[in-house]
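Participant: Sending over coords.cif (mmCIF, C-alpha atoms, pLDDT in the B column; chains and numbers go by the auth columns).
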data_final
#
loop_
_atom_site.group_PDB
_atom_site.id
_atom_site.type_symbol
_atom_site.label_atom_id
_atom_site.label_comp_id
_atom_site.label_asym_id
_atom_site.label_seq_id
_atom_site.Cartn_x
_atom_site.Cartn_y
_atom_site.Cartn_z
_atom_site.B_iso_or_equiv
_atom_site.auth_seq_id
_atom_site.auth_asym_id
ATOM 1 C CA MET A 1 56.240 0.193 38.837 85.00 1 A
ATOM 2 C CA VAL A 2 53.626 -1.126 36.410 87.00 2 A
ATOM 3 C CA VAL A 3 52.830 0.376 33.012 91.00 3 A
ATOM 4 C CA ARG A 4 49.041 0.721 32.647 93.00 4 A
ATOM 5 C CA ILE A 5 47.427 1.168 29.255 92.00 5 A
ATOM 6 C CA GLY A 6 43.807 2.311 29.064 93.00 6 A
ATOM 7 C CA ALA A 7 41.690 1.191 26.121 91.00 7 A
ATOM 8 C CA LEU A 8 38.052 0.869 25.145 89.00 8 A
ATOM 9 C CA SER A 9 36.224 -0.693 22.254 87.00 9 A
ATOM 10 C CA THR A 10 34.280 1.530 19.866 87.00 10 A
ATOM 11 C CA ALA A 11 32.580 -1.088 17.680 88.00 11 A
ATOM 12 C CA ARG A 12 28.972 -0.148 17.019 91.00 12 A
ATOM 13 C CA GLN A 13 27.766 -3.730 16.553 93.00 13 A
ATOM 14 C CA VAL A 14 29.124 -7.100 17.626 93.00 14 A
ATOM 15 C CA ALA A 15 28.131 -10.580 16.428 93.00 15 A
ATOM 16 C CA CYS A 16 26.680 -13.026 18.939 93.00 16 A
ATOM 17 C CA PRO A 17 29.112 -15.948 19.412 91.00 17 A
ATOM 18 C CA ASP A 18 26.256 -18.495 19.277 91.00 18 A
ATOM 19 C CA CYS A 19 23.930 -17.406 16.457 92.00 19 A
ATOM 20 C CA GLY A 20 26.079 -14.797 14.666 91.00 20 A
ATOM 21 C CA CYS A 21 23.321 -12.157 14.752 93.00 21 A
ATOM 22 C CA LEU A 22 24.652 -8.584 14.902 94.00 22 A
ATOM 23 C CA SER A 23 23.611 -6.614 17.957 94.00 23 A
ATOM 24 C CA GLY A 24 24.055 -2.955 18.832 94.00 24 A
ATOM 25 C CA ARG A 25 21.950 -3.010 21.998 95.00 25 A
ATOM 26 C CA ILE A 26 24.246 -2.548 24.988 94.00 26 A
ATOM 27 C CA HIS A 27 23.409 -4.382 28.223 95.00 27 A
ATOM 28 C CA GLY A 28 26.256 -2.906 30.287 94.00 28 A
ATOM 29 C CA SER A 29 30.023 -2.592 30.487 93.00 29 A
ATOM 30 C CA TYR A 30 32.842 -4.001 32.571 92.00 30 A
ATOM 31 C CA LEU A 31 36.606 -3.708 33.016 93.00 31 A
ATOM 32 C CA ARG A 32 39.196 -6.374 32.239 92.00 32 A
ATOM 33 C CA PHE A 33 42.863 -6.205 33.149 93.00 33 A
ATOM 34 C CA PRO A 34 44.811 -8.618 30.900 91.00 34 A
ATOM 35 C CA ARG A 35 48.602 -8.713 31.316 90.00 35 A
ATOM 36 C CA ASP A 36 50.764 -7.999 28.275 90.00 36 A
ATOM 37 C CA LEU A 37 54.422 -8.456 27.387 89.00 37 A
ATOM 38 C CA PRO A 38 56.705 -6.192 29.421 89.00 38 A
ATOM 39 C CA THR A 39 58.096 -2.999 27.942 89.00 39 A
ATOM 40 C CA ALA A 40 61.430 -1.505 29.019 86.00 40 A
ATOM 41 C CA GLY A 41 61.613 -4.159 31.725 83.00 41 A
ATOM 42 C CA LYS A 42 58.339 -3.055 33.336 88.00 42 A
ATOM 43 C CA PRO A 43 55.203 -5.214 33.551 89.00 43 A
ATOM 44 C CA VAL A 44 52.295 -4.028 31.401 91.00 44 A
ATOM 45 C CA VAL A 45 48.624 -4.268 32.367 91.00 45 A
ATOM 46 C CA VAL A 46 45.903 -3.218 29.929 91.00 46 A
ATOM 47 C CA SER A 47 42.851 -1.577 31.492 93.00 47 A
ATOM 48 C CA LEU A 48 40.255 -2.576 28.917 92.00 48 A
ATOM 49 C CA ARG A 49 36.647 -1.381 29.051 93.00 49 A
ATOM 50 C CA LEU A 50 34.390 -3.836 27.250 92.00 50 A
ATOM 51 C CA ARG A 51 30.641 -4.000 26.831 94.00 51 A
ATOM 52 C CA ARG A 52 28.011 -6.682 27.194 94.00 52 A
ATOM 53 C CA PHE A 53 25.448 -6.830 24.404 95.00 53 A
ATOM 54 C CA VAL A 54 21.920 -8.233 24.248 95.00 54 A
ATOM 55 C CA CYS A 55 21.321 -10.837 21.542 94.00 55 A
ATOM 56 C CA LEU A 56 18.339 -9.694 19.487 92.00 56 A
ATOM 57 C CA GLU A 57 17.600 -13.145 18.043 91.00 57 A
ATOM 58 C CA GLY A 58 14.637 -14.562 19.979 89.00 58 A
ATOM 59 C CA SER A 59 15.561 -18.208 19.342 93.00 59 A
ATOM 60 C CA CYS A 60 19.173 -17.793 20.517 92.00 60 A
ATOM 61 C CA PRO A 61 19.851 -19.436 23.904 92.00 61 A
ATOM 62 C CA ARG A 62 22.383 -16.734 24.811 91.00 62 A
ATOM 63 C CA LYS A 63 20.613 -13.626 26.052 93.00 63 A
ATOM 64 C CA THR A 64 23.693 -11.463 26.679 94.00 64 A
ATOM 65 C CA PHE A 65 27.317 -11.781 25.610 93.00 65 A
ATOM 66 C CA GLY A 66 30.545 -9.913 26.204 91.00 66 A
ATOM 67 C CA GLU A 67 32.532 -8.500 23.334 91.00 67 A
ATOM 68 C CA GLN A 68 36.065 -9.728 22.641 88.00 68 A
ATOM 69 C CA VAL A 69 38.808 -7.749 20.945 88.00 69 A
ATOM 70 C CA PRO A 70 40.273 -9.967 18.188 86.00 70 A
ATOM 71 C CA GLY A 71 44.010 -10.448 18.595 85.00 71 A
ATOM 72 C CA LEU A 72 43.967 -9.049 22.137 88.00 72 A
ATOM 73 C CA THR A 73 41.548 -10.991 24.335 85.00 73 A
ATOM 74 C CA ARG A 74 39.752 -14.282 24.477 84.00 74 A
ATOM 75 C CA ARG A 75 36.986 -15.517 26.723 84.00 75 A
ATOM 76 C CA PHE A 76 38.132 -15.886 30.364 84.00 76 A
ATOM 77 C CA GLY A 77 41.708 -14.975 29.330 84.00 77 A
ATOM 78 C CA ARG A 78 43.947 -13.201 31.832 86.00 78 A
ATOM 79 C CA ARG A 79 46.731 -12.573 29.328 87.00 79 A
ATOM 80 C CA THR A 80 46.829 -10.829 25.962 89.00 80 A
ATOM 81 C CA GLU A 81 47.281 -13.002 22.897 88.00 81 A
ATOM 82 C CA ARG A 82 50.867 -11.712 22.508 88.00 82 A
ATOM 83 C CA LEU A 83 51.846 -12.803 26.022 87.00 83 A
ATOM 84 C CA ARG A 84 49.962 -16.074 25.664 86.00 84 A
ATOM 85 C CA SER A 85 51.708 -16.996 22.403 84.00 85 A
ATOM 86 C CA THR A 86 55.097 -16.082 23.905 83.00 86 A
ATOM 87 C CA LEU A 87 54.468 -18.323 26.908 82.00 87 A
ATOM 88 C CA ILE A 88 53.358 -21.126 24.586 80.00 88 A
ATOM 89 C CA SER A 89 56.619 -20.798 22.657 81.00 89 A
ATOM 90 C CA VAL A 90 58.628 -20.929 25.877 81.00 90 A
ATOM 91 C CA GLY A 91 56.535 -23.878 27.062 77.00 91 A
ATOM 92 C CA LEU A 92 57.121 -25.793 23.824 77.00 92 A
ATOM 93 C CA ALA A 93 60.861 -25.168 24.014 80.00 93 A
ATOM 94 C CA LEU A 94 61.523 -25.664 27.723 79.00 94 A
ATOM 95 C CA ALA A 95 58.395 -26.586 29.745 70.00 95 A
ATOM 96 C CA GLY A 96 58.220 -26.884 33.538 73.00 96 A
ATOM 97 C CA ARG A 97 60.702 -25.170 35.819 78.00 97 A
ATOM 98 C CA ALA A 98 63.084 -24.161 33.028 81.00 98 A
ATOM 99 C CA GLY A 99 60.226 -22.481 31.151 79.00 99 A
ATOM 100 C CA ALA A 100 59.094 -20.665 34.284 79.00 100 A
ATOM 101 C CA ARG A 101 62.639 -19.391 34.911 82.00 101 A
ATOM 102 C CA MET A 102 63.015 -18.215 31.296 82.00 102 A
ATOM 103 C CA ALA A 103 59.636 -16.439 31.377 81.00 103 A
ATOM 104 C CA ASP A 104 60.704 -14.730 34.613 81.00 104 A
ATOM 105 C CA VAL A 105 63.926 -13.522 32.949 82.00 105 A
ATOM 106 C CA PHE A 106 62.082 -11.619 30.228 78.00 106 A
ATOM 107 C CA GLY A 107 59.569 -10.182 32.714 79.00 107 A
ATOM 108 C CA ALA A 108 56.514 -12.386 32.236 78.00 108 A
ATOM 109 C CA PRO A 109 56.469 -14.564 35.362 77.00 109 A
ATOM 110 C CA ALA A 110 54.577 -17.824 35.043 77.00 110 A
ATOM 111 C CA SER A 111 54.473 -20.892 37.228 75.00 111 A
ATOM 112 C CA ARG A 112 55.951 -24.176 36.063 70.00 112 A
ATOM 113 C CA ASN A 113 52.412 -25.525 35.806 68.00 113 A
ATOM 114 C CA THR A 114 51.467 -22.698 33.443 67.00 114 A
ATOM 115 C CA ALA A 115 54.482 -23.367 31.221 57.00 115 A
ATOM 116 C CA GLY A 116 53.702 -27.082 31.175 55.00 116 A
ATOM 117 C CA ALA A 117 49.980 -26.531 30.566 55.00 117 A
ATOM 118 C CA ASP A 118 50.689 -24.156 27.698 50.00 118 A
ATOM 119 C CA LYS A 119 53.026 -26.751 26.227 49.00 119 A
ATOM 120 C CA THR A 120 50.433 -29.511 26.534 50.00 120 A
ATOM 121 C CA SER A 121 47.620 -27.434 25.035 54.00 121 A
ATOM 122 C CA ALA A 122 49.866 -26.243 22.191 51.00 122 A
ATOM 123 C CA GLN A 123 50.946 -29.816 21.419 48.00 123 A
ATOM 124 C CA LEU A 124 47.315 -30.897 21.458 47.00 124 A
ATOM 125 C CA ARG A 125 46.352 -28.086 19.054 49.00 125 A
ATOM 126 C CA LEU A 126 49.256 -28.987 16.760 46.00 126 A
ATOM 127 C CA CYS A 127 48.179 -32.621 16.779 45.00 127 A
ATOM 128 C CA VAL A 128 44.474 -31.943 16.182 45.00 128 A
ATOM 129 C CA GLY A 129 45.153 -29.106 13.712 45.00 129 A
ATOM 130 C CA THR A 130 46.769 -31.496 11.211 47.00 130 A
ATOM 131 C CA GLY A 131 43.355 -32.623 9.979 52.00 131 A
ATOM 132 C CA GLY A 132 43.790 -36.210 11.121 53.00 132 A
ATOM 133 C CA GLY A 133 40.038 -36.674 11.542 54.00 133 A
ATOM 134 C CA PHE A 134 40.010 -37.397 15.282 51.00 134 A
ATOM 135 C CA ARG A 135 36.661 -37.898 16.926 52.00 135 A
ATOM 136 C CA ARG A 136 37.860 -37.821 20.514 51.00 136 A
ATOM 137 C CA VAL A 137 41.223 -36.743 21.874 50.00 137 A
ATOM 138 C CA GLY A 138 42.491 -37.552 25.355 52.00 138 A
ATOM 139 C CA LEU A 139 45.721 -37.161 27.268 51.00 139 A
ATOM 140 C CA VAL A 140 47.269 -40.042 29.166 49.00 140 A
ATOM 141 C CA ASP A 141 49.797 -39.373 31.938 46.00 141 A
#
With the file now loaded, output its structure as structure tokens.

Facilitator:
Amino acid sequence: MVVRIGALSTARQVACPDCGCLSGRIHGSYLRFPRDLPTAGKPVVVSLRLRRFVCLEGSCPRKTFGEQVPGLTRRFGRRTERLRSTLISVGLALAGRAGARMADVFGAPASRNTAGADKTSAQLRLCVGTGGGFRRVGLVD
């Protein structure tokens, strides 16, 4: 059994991610199904109806853009921010197979590659976020 939560955004205007111009002209809508942290031992999937807006700024290279719900979704994300941050914490603590097993125990299954990737990206953000003035960052195996 899966717990499904239906939600929709009601914002009248959304800022374009490229130019920052506010737009209220709707191009269309679409559904997203990000996974969330389990509740009462059951997996949770959010059925989220979002809209695409038309950028009204003529010089902006982006003609249409999809709205994001701050604190819930991010571009191309398949997980909510809560689940993502939990998996990052598990990845930082355990990584790999151990992280995947721990995530499975609390009902948020993830592959060992996901746990390791979350760990790597979190470490990279921690490193870059210190204000060290890096111009280019790379990872070496």

Participant: Skip Ala110 of chain A itself and residues of its chain fewer than 6 positions away, then list as a list in words all residues within 12 Å of it, counting all atoms listed in the file.

Facilitator: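 With the cut-off at 12 Å, the set is Arg35, Arg79, Leu83, Arg84, Thr86, Leu87, Ile88, Val90, Gly91, Ala95, Gly96, Arg97, Ala98, Gly99, Ala100, Arg101, Met102, Ala103, Asp104, Gly116, Ala117 and Asp118 of chain A.
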
Participant: For atom CA of Arg78 of chain A and atom CA of Leu31 of chain A, quote the distance in Å rounded to one decimal.

Facilitator: 12.1 Å

Participant: Fewer than 2 positions away in the same chain doesn't count, so skip those; otherwise give me all residues within 10 Å of Lys63 of chain A, counting only C-alpha atoms, as a list in words.

Facilitator: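 Contacts, with the query itself left out: Cys16, His27, Phe53, Val54, Cys55, Leu56, Glu57, Gly58, Ser59, Cys60, Pro61 and Phe65 of chain A.
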
Participant: Since we have the selection now, will you write its residues out, keeping C-alpha atoms, as a compact mmCIF listing (two decimals), keeping the file's coordinate frame?

Facilitator:
# COMPACT_ATOMS: atom_id res chain seq x y z
CA CYS A 16 26.68 -13.03 18.94
CA HIS A 27 23.41 -4.38 28.22
CA PHE A 53 25.45 -6.83 24.40
CA VAL A 54 21.92 -8.23 24.25
CA CYS A 55 21.32 -10.84 21.54
CA LEU A 56 18.34 -9.69 19.49
CA GLU A 57 17.60 -13.14 18.04
CA GLY A 58 14.64 -14.56 19.98
CA SER A 59 15.56 -18.21 19.34
CA CYS A 60 19.17 -17.79 20.52
CA PRO A 61 19.85 -19.44 23.90
CA PHE A 65 27.32 -11.78 25.61

Participant: Which one is closest to Val3 of chain A: A:Leu50, A:Leu72, A:Ala40, A:Leu92? Count only C-alpha atoms.

Facilitator: A:Ala40

Participant: Where does the PyMOL selection byres ((chain A and resi 66) around 12) land in this file, that is, which residues does it pick, as a PyMOL selection string?

Facilitator: chain A and resi 9+13-18+23+25-32+49-55+62-65+67-69+73-76
